[in-house]
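Asker: This is the content of my_file12.txt (compact mmCIF, C-alpha atoms):
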# COMPACT_ATOMS: atom_id res chain seq x y z
CA MET A 1 121.59 79.25 85.62
CA ILE A 2 118.42 81.06 86.68
CA GLN A 3 118.01 82.21 83.07
CA THR A 4 118.29 78.61 81.85
CA PHE A 5 115.60 77.60 84.31
CA ALA A 6 113.33 80.47 83.29
CA ASP A 7 113.85 79.65 79.57
CA TRP A 8 113.11 75.99 80.22
CA LEU A 9 110.01 76.73 82.30
CA ILE A 10 108.42 79.24 79.95
CA TYR A 11 109.56 78.17 76.49
CA SER A 12 109.86 74.38 76.88
CA LEU A 13 107.52 73.35 79.68
CA ILE A 14 104.69 75.84 79.14
CA GLY A 15 105.53 76.08 75.47
CA LEU A 16 105.20 79.82 74.82
CA SER A 17 107.11 81.31 71.93
CA GLU A 18 110.24 83.36 72.65
CA GLN A 19 108.94 85.98 70.26
CA SER A 20 105.53 86.44 71.92
CA HIS A 21 104.90 89.35 74.30
CA LEU A 22 103.44 87.02 76.90
CA GLY A 23 106.37 84.61 76.69
CA ALA A 24 108.95 87.38 77.05
CA ALA A 25 107.06 88.99 79.92
CA LEU A 26 106.62 85.71 81.82
CA ASN A 27 110.25 84.77 81.30
CA PHE A 28 111.34 88.15 82.64
CA PHE A 29 109.01 87.71 85.62
CA VAL A 30 110.27 84.24 86.59
CA TYR A 31 113.93 85.18 86.14
CA ASP A 32 113.72 88.44 88.11
CA THR A 33 111.66 87.01 90.96
CA ILE A 34 114.04 84.12 91.59
CA LYS A 35 117.12 86.31 91.26
CA ILE A 36 115.86 89.03 93.60
CA VAL A 37 114.54 86.67 96.25
CA LEU A 38 117.89 84.82 96.33
CA LEU A 39 119.78 88.13 96.54
CA LEU A 40 117.53 89.47 99.27
CA PHE A 41 117.98 86.29 101.28
CA GLY A 42 121.77 86.41 100.90
CA ILE A 43 122.06 90.11 101.77
CA SER A 44 119.69 89.73 104.73
CA ILE A 45 121.91 86.99 106.14
CA LEU A 46 125.00 89.14 105.64
CA MET A 47 123.33 92.12 107.35
CA GLY A 48 122.10 89.82 110.12
CA ILE A 49 125.65 88.70 110.81
CA ILE A 50 126.86 92.32 110.92
CA ASN A 51 123.94 93.21 113.17
CA ALA A 52 124.74 90.38 115.56
CA TYR A 53 128.37 91.36 115.97
CA PHE A 54 128.37 95.14 115.57
CA PRO A 55 129.69 96.73 118.76
CA ILE A 56 127.32 99.72 118.96
CA GLU A 57 128.27 100.75 122.48
CA ARG A 58 131.95 100.60 121.66
CA LEU A 59 131.45 102.74 118.58
CA ARG A 60 129.54 105.27 120.62
CA SER A 61 132.27 105.55 123.22
CA HIS A 62 134.83 105.84 120.43
CA LEU A 63 132.90 108.69 118.84
CA THR A 64 132.69 110.56 122.14
CA SER A 65 136.21 110.04 123.39
CA HIS A 66 138.30 110.49 120.24
CA ARG A 67 138.82 113.46 117.98
CA PHE A 68 138.25 112.69 114.34
CA TYR A 69 138.70 116.13 112.71
CA GLY A 70 135.45 116.00 110.76
CA LEU A 71 135.69 112.32 109.94
CA GLN A 72 133.17 111.55 112.66
CA TYR A 73 130.41 112.64 110.29
CA LEU A 74 131.53 110.14 107.68
CA LEU A 75 131.88 107.50 110.37
CA ALA A 76 128.36 108.10 111.69
CA SER A 77 127.02 108.01 108.14
CA LEU A 78 128.81 104.71 107.41
CA PHE A 79 127.45 103.39 110.66
CA GLY A 80 123.95 104.31 109.52
CA ALA A 81 124.59 102.38 106.31
CA VAL A 82 125.83 99.12 107.82
CA THR A 83 123.37 98.81 110.66
CA PRO A 84 120.31 97.02 109.41
CA PHE A 85 118.29 97.83 112.48
CA CYS A 86 114.60 97.48 112.66
CA SER A 87 113.36 100.99 111.89
CA CYS A 88 112.08 101.33 115.43
CA SER A 89 115.69 101.31 116.66
CA SER A 90 116.58 104.59 114.95
CA ILE A 91 115.21 106.70 117.77
CA PRO A 92 116.81 104.76 120.64
CA LEU A 93 120.11 104.99 118.76
CA PHE A 94 119.57 108.71 118.25
CA ILE A 95 118.95 109.19 121.98
CA GLY A 96 121.85 106.91 122.85
CA PHE A 97 124.11 109.07 120.70
CA VAL A 98 123.11 112.46 122.06
CA ARG A 99 123.10 111.12 125.59
CA GLY A 100 126.68 110.00 125.12
CA GLY A 101 127.58 113.58 124.23
CA ILE A 102 127.90 113.07 120.48
CA PRO A 103 127.08 116.37 118.68
CA LEU A 104 123.65 116.65 117.05
CA GLY A 105 125.15 117.09 113.57
CA VAL A 106 127.01 113.78 113.80
CA THR A 107 123.86 112.10 115.06
CA LEU A 108 121.90 113.54 112.13
CA SER A 109 124.48 112.10 109.72
CA PHE A 110 123.59 108.71 111.09
CA LEU A 111 119.87 109.43 110.93
CA ILE A 112 119.97 110.60 107.30
CA THR A 113 121.88 107.61 105.95
CA SER A 114 120.21 104.97 108.07
CA PRO A 115 116.92 104.51 106.15
CA PHE A 116 118.49 104.68 102.66
CA VAL A 117 120.83 101.78 102.91
CA ASN A 118 118.98 98.68 104.05
CA GLU A 119 118.90 95.08 102.94
CA VAL A 120 115.67 95.35 100.95
CA ALA A 121 116.74 98.42 98.98
CA VAL A 122 120.22 97.02 98.27
CA ALA A 123 118.94 93.60 97.19
CA MET A 124 116.24 95.06 94.96
CA LEU A 125 118.66 97.49 93.32
CA ALA A 126 121.39 94.91 92.83
CA GLY A 127 118.91 92.46 91.38
CA SER A 128 117.23 94.94 89.06
CA PHE A 129 119.96 97.40 88.10
CA GLY A 130 123.23 95.62 88.84
CA TRP A 131 126.03 96.42 91.23
CA LYS A 132 127.25 99.64 89.62
CA PHE A 133 123.95 101.44 90.14
CA THR A 134 123.70 99.96 93.64
CA ALA A 135 127.18 101.30 94.46
CA ILE A 136 126.17 104.76 93.23
CA TYR A 137 123.01 104.63 95.30
CA VAL A 138 124.80 103.48 98.46
CA SER A 139 127.71 105.92 98.17
CA GLY A 140 125.25 108.70 97.30
CA GLY A 141 123.36 107.98 100.51
CA ILE A 142 126.55 107.94 102.57
CA ILE A 143 127.85 111.21 101.09
CA MET A 144 124.47 112.85 101.58
CA GLY A 145 124.39 111.78 105.23
CA THR A 146 127.92 113.07 105.81
CA LEU A 147 127.36 116.48 104.19
CA GLY A 148 123.85 116.80 105.63
CA GLY A 149 125.16 116.26 109.14
CA ILE A 150 128.01 118.74 108.69
CA ILE A 151 125.69 121.44 107.32
CA LEU A 152 122.79 120.90 109.73
CA GLY A 153 125.28 120.70 112.60
CA ARG A 154 126.22 124.35 112.00
CA PHE A 155 122.73 125.67 112.65
CA ARG A 156 122.41 125.07 116.41
CA LEU A 157 119.29 123.03 116.02
CA GLU A 158 119.42 121.60 119.54
CA ARG A 159 116.68 123.97 120.72
CA ASN A 160 114.32 122.37 118.20
CA LEU A 161 114.47 119.01 119.89
CA THR A 162 111.60 118.01 122.15
CA PRO A 163 112.08 119.10 125.80
CA TRP A 164 112.77 115.66 127.21
CA VAL A 165 115.54 115.13 124.67
CA GLN A 166 117.05 118.52 125.53
CA GLN A 167 116.98 117.45 129.15
CA ILE A 168 118.92 114.33 128.22
CA ILE A 169 121.51 116.40 126.37
CA ALA A 170 121.86 118.74 129.33
CA ASN A 171 122.58 115.77 131.57
CA SER A 172 124.76 114.04 129.03
CA GLN A 173 128.11 112.74 130.00
CA ALA A 174 130.34 110.01 128.81
CA GLU A 175 128.66 107.29 130.80
CA ALA A 176 130.56 104.54 132.44
CA GLU A 177 130.54 101.82 129.86
CA THR A 178 128.67 98.81 131.03
CA TRP A 179 128.56 96.71 127.92
CA GLN A 180 129.62 93.17 128.08
CA ALA A 181 130.62 91.18 125.06
CA GLU A 182 128.27 88.39 124.22
CA HIS A 183 129.89 85.02 123.95
CA THR A 184 127.49 83.17 121.77
CA THR A 185 129.24 81.17 119.07
CA PHE A 186 128.57 81.88 115.43
CA LEU A 187 127.05 78.45 114.78
CA HIS A 188 124.73 78.94 117.71
CA ARG A 189 123.52 82.22 116.29
CA LEU A 190 123.22 81.23 112.66
CA PRO A 191 119.76 79.62 112.92
CA ALA A 192 118.30 82.84 114.33
CA ILE A 193 120.00 84.91 111.63
CA VAL A 194 118.67 82.64 108.87
CA ARG A 195 115.22 82.75 110.43
CA ASP A 196 115.28 86.55 110.54
CA ALA A 197 116.42 86.67 106.90
CA LEU A 198 113.55 84.39 105.91
CA GLY A 199 111.23 86.68 107.85
CA ILE A 200 112.45 89.69 105.88
CA VAL A 201 111.97 87.87 102.57
CA ARG A 202 108.51 86.71 103.57
CA GLY A 203 107.56 90.22 104.66
CA VAL A 204 108.24 91.82 101.29
CA LEU A 205 107.71 88.85 98.95
CA LEU A 206 104.22 89.91 97.94
CA TYR A 207 105.38 93.43 97.06
CA ILE A 208 108.30 92.06 95.09
CA ILE A 209 106.05 89.76 93.08
CA ILE A 210 103.51 92.50 92.39
CA GLY A 211 106.30 94.91 91.43
CA ILE A 212 108.00 92.46 89.10
CA ALA A 213 104.68 91.41 87.55
CA LEU A 214 103.85 95.06 86.91
CA GLY A 215 107.34 95.62 85.55
CA ALA A 216 107.05 92.56 83.32
CA ALA A 217 103.74 93.76 81.97
CA ILE A 218 105.14 97.20 81.12
CA HIS A 219 108.29 95.56 79.77
CA GLY A 220 106.27 93.45 77.37
CA TYR A 221 103.60 95.92 76.30
CA VAL A 222 104.69 99.55 76.60
CA PRO A 223 106.72 100.69 73.59
CA ASP A 224 110.38 101.55 74.11
CA GLU A 225 111.26 105.19 74.66
CA PHE A 226 107.68 105.84 75.82
CA PHE A 227 108.75 107.78 78.91
CA ALA A 228 111.82 109.40 77.42
CA GLU A 229 109.82 112.37 76.28
CA TRP A 230 108.66 113.58 79.69
CA LEU A 231 110.91 111.84 82.25
CA GLY A 232 114.17 111.74 80.30
CA SER A 233 117.20 113.74 81.39
CA GLY A 234 116.28 116.55 79.01
CA ASN A 235 113.44 117.75 81.21
CA TRP A 236 114.63 119.92 84.09
CA TYR A 237 111.53 119.23 86.20
CA ALA A 238 111.79 115.42 85.93
CA VAL A 239 113.82 115.04 89.14
CA PRO A 240 111.62 117.12 91.51
CA VAL A 241 108.46 115.58 90.05
CA ALA A 242 109.85 112.09 90.63
CA VAL A 243 110.73 112.99 94.24
CA ILE A 244 107.25 114.34 94.97
CA LEU A 245 105.60 111.29 93.40
CA ALA A 246 107.77 109.04 95.55
CA VAL A 247 106.83 110.35 99.00
CA PRO A 248 103.53 108.44 99.46
CA MET A 249 104.97 105.15 98.19
CA TYR A 250 106.88 104.11 101.29
CA ALA A 251 105.08 100.86 102.02
CA ASN A 252 105.83 99.49 98.60
CA ALA A 253 109.55 100.20 98.41
CA ALA A 254 110.25 96.57 97.49
CA GLY A 255 107.67 96.62 94.74
CA ILE A 256 108.74 99.95 93.26
CA VAL A 257 112.23 99.00 92.12
CA PRO A 258 111.30 96.46 89.42
CA VAL A 259 108.89 99.00 87.96
CA ILE A 260 111.56 101.71 87.95
CA GLN A 261 113.95 99.34 86.24
CA VAL A 262 111.54 98.94 83.38
CA LEU A 263 110.90 102.69 83.25
CA VAL A 264 114.65 103.24 82.88
CA ALA A 265 114.68 100.71 80.05
CA LYS A 266 111.88 102.76 78.46
CA GLY A 267 113.78 106.01 78.60
CA VAL A 268 113.52 107.50 82.11
CA SER A 269 116.98 108.83 82.91
CA ILE A 270 119.08 107.12 85.56
CA GLY A 271 119.48 110.15 87.85
CA THR A 272 115.73 110.69 87.92
CA ALA A 273 115.21 107.01 88.72
CA LEU A 274 117.80 107.23 91.48
CA ALA A 275 116.16 110.30 93.02
CA PHE A 276 112.80 108.55 92.88
CA MET A 277 114.21 105.45 94.59
CA MET A 278 115.88 107.46 97.35
CA ALA A 279 112.71 109.45 97.97
CA VAL A 280 110.61 106.27 98.13
CA VAL A 281 112.92 104.76 100.73
CA GLY A 282 113.99 107.84 102.65
CA LEU A 283 111.04 110.21 102.79
CA SER A 284 108.16 108.55 104.52
CA LEU A 285 105.32 109.46 106.80
CA PRO A 286 106.08 106.69 109.33
CA GLU A 287 109.61 108.04 109.61
CA ALA A 288 108.31 111.58 110.14
CA THR A 289 105.99 110.50 112.95
CA MET A 290 108.86 108.63 114.54
CA LEU A 291 111.16 111.65 114.37
CA LYS A 292 108.38 113.75 115.87
CA LYS A 293 109.03 111.95 119.15
CA VAL A 294 112.45 113.55 119.45
CA MET A 295 112.08 116.65 117.30
CA THR A 296 109.68 119.57 117.05
CA TRP A 297 107.75 119.90 113.77
CA ARG A 298 110.15 122.67 112.83
CA LEU A 299 113.15 120.38 113.01
CA VAL A 300 111.29 117.52 111.31
CA ALA A 301 110.57 119.95 108.45
CA ILE A 302 114.18 121.15 108.33
CA PHE A 303 115.41 117.55 108.38
CA PHE A 304 113.10 116.42 105.58
CA GLY A 305 113.73 119.59 103.61
CA ALA A 306 117.47 118.99 103.75
CA VAL A 307 117.11 115.35 102.74
CA THR A 308 114.75 116.25 99.87
CA LEU A 309 117.16 118.90 98.63
CA GLY A 310 120.02 116.40 98.86
CA ILE A 311 118.10 113.82 96.84
CA ILE A 312 117.21 116.36 94.15
CA ILE A 313 120.82 117.58 93.86
CA LEU A 314 122.03 113.98 93.67
CA GLY A 315 119.45 113.26 90.97
CA TYR A 316 120.58 116.20 88.82
CA LEU A 317 124.25 115.31 89.34
CA ASN A 318 123.66 111.76 88.18
CA ASN A 319 121.65 112.93 85.19
CA LEU A 320 124.62 115.10 84.23
CA LEU A 321 127.31 112.54 84.90
CA LEU A 322 125.81 109.21 83.84
CA MET B 1 108.45 88.05 138.11
CA THR B 2 107.80 90.91 135.71
CA ILE B 3 108.86 90.74 132.11
CA THR B 4 108.73 93.93 130.05
CA ILE B 5 109.17 94.05 126.31
CA LEU B 6 110.54 97.37 125.08
CA GLY B 7 109.54 98.33 121.57
CA THR B 8 107.77 101.07 119.68
CA GLY B 9 105.25 98.75 118.09
CA CYS B 10 107.16 97.40 115.11
CA ALA B 11 106.74 93.83 113.86
CA SER B 12 109.77 92.38 115.65
CA CYS B 13 108.70 93.98 118.93
CA LYS B 14 105.34 92.26 118.66
CA ALA B 15 107.02 88.96 117.80
CA LEU B 16 109.21 89.18 120.89
CA PHE B 17 106.19 89.95 123.05
CA ALA B 18 104.34 86.91 121.71
CA ASN B 19 107.40 84.68 122.23
CA ALA B 20 107.77 85.90 125.82
CA GLN B 21 104.12 85.14 126.54
CA ALA B 22 104.48 81.68 125.03
CA ALA B 23 107.64 80.99 127.04
CA VAL B 24 105.95 82.01 130.29
CA ALA B 25 102.93 79.85 129.50
CA GLN B 26 105.05 76.84 128.59
CA LEU B 27 107.12 77.11 131.75
CA GLY B 28 103.99 77.66 133.84
CA LEU B 29 105.66 80.64 135.51
CA ASP B 30 103.85 83.10 137.74
CA ALA B 31 104.97 86.08 135.71
CA VAL B 32 103.48 89.20 134.17
CA VAL B 33 104.44 90.07 130.61
CA ASN B 34 104.15 93.80 129.85
CA LYS B 35 104.75 95.93 126.82
CA GLU B 36 106.43 99.32 127.02
CA GLU B 37 105.81 101.35 123.89
CA ASP B 38 106.47 104.86 125.21
CA ILE B 39 109.84 105.92 123.83
CA VAL B 40 110.50 108.24 126.78
CA LYS B 41 110.09 105.35 129.21
CA ILE B 42 112.05 102.99 126.95
CA MET B 43 115.03 105.31 126.97
CA GLU B 44 115.19 105.12 130.75
CA TYR B 45 116.49 101.59 130.30
CA ASN B 46 119.44 102.96 128.31
CA VAL B 47 119.11 100.55 125.40
CA MET B 48 120.16 101.53 121.89
CA ALA B 49 118.67 98.66 119.93
CA LEU B 50 115.11 97.44 119.98
CA PRO B 51 113.26 95.27 120.69
CA ALA B 52 114.62 94.61 124.15
CA MET B 53 113.52 92.37 127.00
CA VAL B 54 113.63 93.40 130.63
CA VAL B 55 113.23 90.93 133.48
CA ASP B 56 112.60 92.45 136.92
CA GLY B 57 114.13 95.76 135.89
CA LYS B 58 117.23 94.28 134.28
CA VAL B 59 117.81 94.36 130.50
CA VAL B 60 118.53 90.79 129.46
CA ALA B 61 118.37 91.07 125.67
CA LYS B 62 118.38 93.87 123.14
CA GLY B 63 118.30 94.31 119.41
CA ARG B 64 117.08 90.85 118.57
CA VAL B 65 113.99 88.73 118.63
CA LEU B 66 114.64 85.83 120.94
CA ASN B 67 112.72 82.68 120.17
CA VAL B 68 110.63 80.85 122.74
CA ASP B 69 113.40 78.41 123.70
CA GLN B 70 115.95 81.19 124.20
CA ILE B 71 113.55 83.05 126.47
CA LYS B 72 112.84 79.88 128.45
CA GLU B 73 116.56 79.45 128.93
CA LEU B 74 116.85 83.04 130.20
CA LEU B 75 113.96 82.65 132.60
CA THR B 76 115.06 79.44 134.27
Please, can you express the file's structure as structure tokens?

Answerer:
Amino acid sequence: MIQTFADWLIYSLIGLSEQSHLGAALNFFVYDTIKIVLLLFGISILMGIINAYFPIERLRSHLTSHRFYGLQYLLASLFGAVTPFCSCSSIPLFIGFVRGGIPLGVTLSFLITSPFVNEVAVAMLAGSFGWKFTAIYVSGGIIMGTLGGIILGRFRLERNLTPWVQQIIANSQAEAETWQAEHTTFLHRLPAIVRDALGIVRGVLLYIIIGIALGAAIHGYVPDEFFAEWLGSGNWYAVPVAVILAVPMYANAAGIVPVIQVLVAKGVSIGTALAFMMAVVGLSLPEATMLKKVMTWRLVAIFFGAVTLGIIILGYLNNLLL
Amino acid sequence: MTITILGTGCASCKALFANAQAAVAQLGLDAVVNKEEDIVKIMEYNVMALPAMVVDGKVVAKGRVLNVDQIKELLT
């Protein structure tokens, strides 16, 4: 239906030829923009509903009071994936976890997965690459968070937390739960959820449009297989190079995906693209400065090193398997 | 009355702060609206989701941006 509209707009109304570069590029641009904005809006609403009803405090008390035989890492990682919190909530959640007596490794599982899986990344990926690639990305993030937490949890990193956090851990106990369920009806909440979703769309719309426009331009004008030579799966250094290139691009995560999609169409291998995406979303300076509030530089470096390594391994694996 | 908005300076924290100021102005309340951006101080309120709103030392909302009408309802 969106394709019909895009065809009608570009080929019939504006009257460009289907064979022309400009016509093809504009058609691609209109189609992708509409599709991604609709997806982002839908996913933001879904995440908003989860956010409104997710019982964080109950999950925390569950994690502290029950034995899960290792599954708690997976659980914390999944939790990081489904909670679409404003990024500034990561640290309060981190503190809330360690204060409740949840081991640092489990908390790190949450912290690793949390930035990767968010509504913008999921919507952009689903819109540009389809659901299969999105599923690989999401499950890759969850697995990485689980394993990362298990491994980092073995290293007794508690002494690398900032002193006030260590103090909190020393005083930690399963606190008396004081949560009360909120009894606001769904219909009463929906307007706020829709408004928030619109806010998310508005916040990244410009980046999306720039990204898709750039993608459309490359799509129309750069010859196929142009990138295959140096960023295809045959080059062993493609994955680490992509990860390094991705680190400074945090602010434009929404705009990056449409460009990557076109690069993949032009021969960049899928694992390299995936590693690049994950590094764009997960390795960022703002995140590092935020973590600095609860961790020493040493632990921030260990944390980012582990995540970077995880992304690179995941990239190679996907280059081998896909 | 003292209203404190807890948040580390992200967009939704600022939005909540602006809404709280608007609500106080519209109700003509004699209230101070503060911002608390220091994470160490924020954690003393034991909240796990930001932004949060504190009225006279009591956390009344967390993890969402209340609009002006919702804040007015809370304050009256």

Asker: Nearest residue to chain B out of A:Gly199, A:Gly105, A:Gly140, A:Gly23, using all atoms listed in the file?

Answerer: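 Among A:Gly199, A:Gly105, A:Gly140, A:Gly23, it is A:Gly199 that comes nearest to chain B.
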
Asker: Find the residues in chain B near chain A: any atom within 12 Å counts, using all atoms listed in the file. Write them as an MDAnalysis selection string.

Answerer: chainID B and resid 6:15 37:52 59:70

Asker: What is the atom CA of A:Met144 to atom CA of A:Val259 distance in Å?

Answerer: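 Spanning atom CA of A:Met144 to atom CA of A:Val259 is a straight-line distance of 24.9 Å.
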
Asker: Let me make sure I understand: among B:Ala23, B:Val33, B:Lys72, B:Gly28, which one has the smallest atom-to-atom distance to B:Val54 if we use all atoms listed in the file?

Answerer: B:Val33

Asker: Write out as a ChimeraX atom specification which residues come within 7 Å of B:Thr2 when counting all atoms listed in the file, dropping same-chain ones fewer than 3 positions away.

Answerer: /B:31-33,55-56

Asker: For atom CA of A:Leu283 and atom CA of A:Ile210, quote the distance in Å rounded to one decimal.

Answerer: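 Spanning atom CA of A:Leu283 to atom CA of A:Ile210 is a straight-line distance of 21.9 Å.
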
Asker: If you measure from atom CA of B:Leu75 to atom CA of B:Val24, what distance in Å do you get, rounded to one decimal?

Answerer: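 Interatomic distance here is 8.4 Å.
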
Asker: Of the residues A:Val201, A:Ile112, A:Ile212, A:Ala275, which is the one nearest to A:Val37, using only C-alpha atoms?

Answerer: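 Ranked by minimum distance to A:Val37, first place goes to A:Val201.
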
Asker: From the options A:Pro55, A:Ile209, A:Met278, A:Phe155, which residue's atoms come nearest to A:Ile36, counting all atoms listed in the file?

Answerer: A:Ile209

Asker: Please determine, counting only C-alpha atoms, which residue among A:Ser20, A:Ser12, A:Gln167, A:Thr4 has the shortest atom-to-atom distance to A:Ile34.

Answerer: A:Thr4

Asker: Need the shell around A:Ala246: protein/DNA/RNA residues with any atom at most 12 Å away, counting all atoms listed in the file. Skip same-chain ones fewer than 3 positions apart. Format as an NGL selection string?

Answerer: :A and (239-243 or 249-253 or 256-257 or 260 or 272-285 or 308 or 311)

Asker: If we count all atoms listed in the file, what is near A:Met124 at a cut-off of 9 Å, once residues fewer than 4 positions away on the same chain are taken out, given as a VMD selection string?

Answerer: chain A and resid 36 to 37 39 to 40 119 to 120 128 to 129 208 254 to 255 257 to 258

Asker: Compare A:Ile270, A:Val106, A:Leu206, A:Leu9 by their minimum atom-to-atom distance to A:Ile151, counting only C-alpha atoms, and give me the closest one.

Answerer: A:Val106

Asker: Box for stretch 7-10 of chain B - axis-aligned, 6 Å on each of the six sides, all listed atoms - centre and size in Å to one decimal, as AutoDock Vina command-line options.

Answerer:
--center_x 107.4 --center_y 99.2 --center_z 118.3 --size_x 16.3 --size_y 15.7 --size_z 18.5

Asker: Kindly add N, CA and C atoms to the incomplete stretch 49-69 of chain B and provide the output as a short mmCIF file (atom, residue, chain, number, x, y, z; two decimals), in the coordinates of the input.

Answerer:
data_model
loop_
_atom_site.label_atom_id
_atom_site.label_comp_id
_atom_site.auth_asym_id
_atom_site.auth_seq_id
_atom_site.Cartn_x
_atom_site.Cartn_y
_atom_site.Cartn_z
N ALA B 49 119.20 99.48 121.01
CA ALA B 49 118.67 98.66 119.93
C ALA B 49 117.40 97.99 120.43
N LEU B 50 116.39 98.04 119.60
CA LEU B 50 115.11 97.44 119.98
C LEU B 50 114.82 96.25 119.05
N PRO B 51 113.95 95.35 119.41
CA PRO B 51 113.26 95.27 120.69
C PRO B 51 114.19 94.78 121.80
N ALA B 52 113.81 95.06 123.04
CA ALA B 52 114.62 94.61 124.15
C ALA B 52 113.71 93.94 125.18
N MET B 53 114.30 93.06 125.98
CA MET B 53 113.52 92.37 127.00
C MET B 53 114.10 92.68 128.37
N VAL B 54 113.22 93.04 129.28
CA VAL B 54 113.63 93.40 130.63
C VAL B 54 112.98 92.42 131.60
N VAL B 55 113.78 91.82 132.47
CA VAL B 55 113.23 90.93 133.48
C VAL B 55 113.52 91.52 134.85
N ASP B 56 112.47 91.83 135.59
CA ASP B 56 112.60 92.45 136.92
C ASP B 56 113.54 93.65 136.89
N GLY B 57 113.36 94.52 135.93
CA GLY B 57 114.13 95.76 135.89
C GLY B 57 115.50 95.65 135.25
N LYS B 58 115.91 94.43 134.85
CA LYS B 58 117.23 94.28 134.28
C LYS B 58 117.12 93.91 132.80
N VAL B 59 117.85 94.65 131.94
CA VAL B 59 117.81 94.36 130.50
C VAL B 59 118.57 93.07 130.23
N VAL B 60 117.86 92.07 129.70
CA VAL B 60 118.53 90.79 129.46
C VAL B 60 118.80 90.54 127.98
N ALA B 61 118.12 91.26 127.10
CA ALA B 61 118.37 91.07 125.67
C ALA B 61 117.98 92.34 124.95
N LYS B 62 118.75 92.69 123.91
CA LYS B 62 118.38 93.87 123.14
C LYS B 62 118.77 93.70 121.69
N GLY B 63 117.97 94.31 120.82
CA GLY B 63 118.30 94.31 119.41
C GLY B 63 118.04 93.02 118.68
N ARG B 64 117.41 92.05 119.33
CA ARG B 64 117.08 90.85 118.57
C ARG B 64 115.82 90.20 119.11
N VAL B 65 115.21 89.43 118.25
CA VAL B 65 113.99 88.73 118.63
C VAL B 65 114.39 87.34 119.11
N LEU B 66 114.33 87.16 120.41
CA LEU B 66 114.64 85.83 120.94
C LEU B 66 113.48 84.90 120.62
N ASN B 67 113.82 83.61 120.38
CA ASN B 67 112.72 82.68 120.17
C ASN B 67 112.29 82.11 121.52
N VAL B 68 111.22 81.32 121.49
CA VAL B 68 110.63 80.85 122.74
C VAL B 68 111.65 80.08 123.58
N ASP B 69 112.43 79.21 122.94
CA ASP B 69 113.40 78.41 123.70
C ASP B 69 114.47 79.28 124.36
#
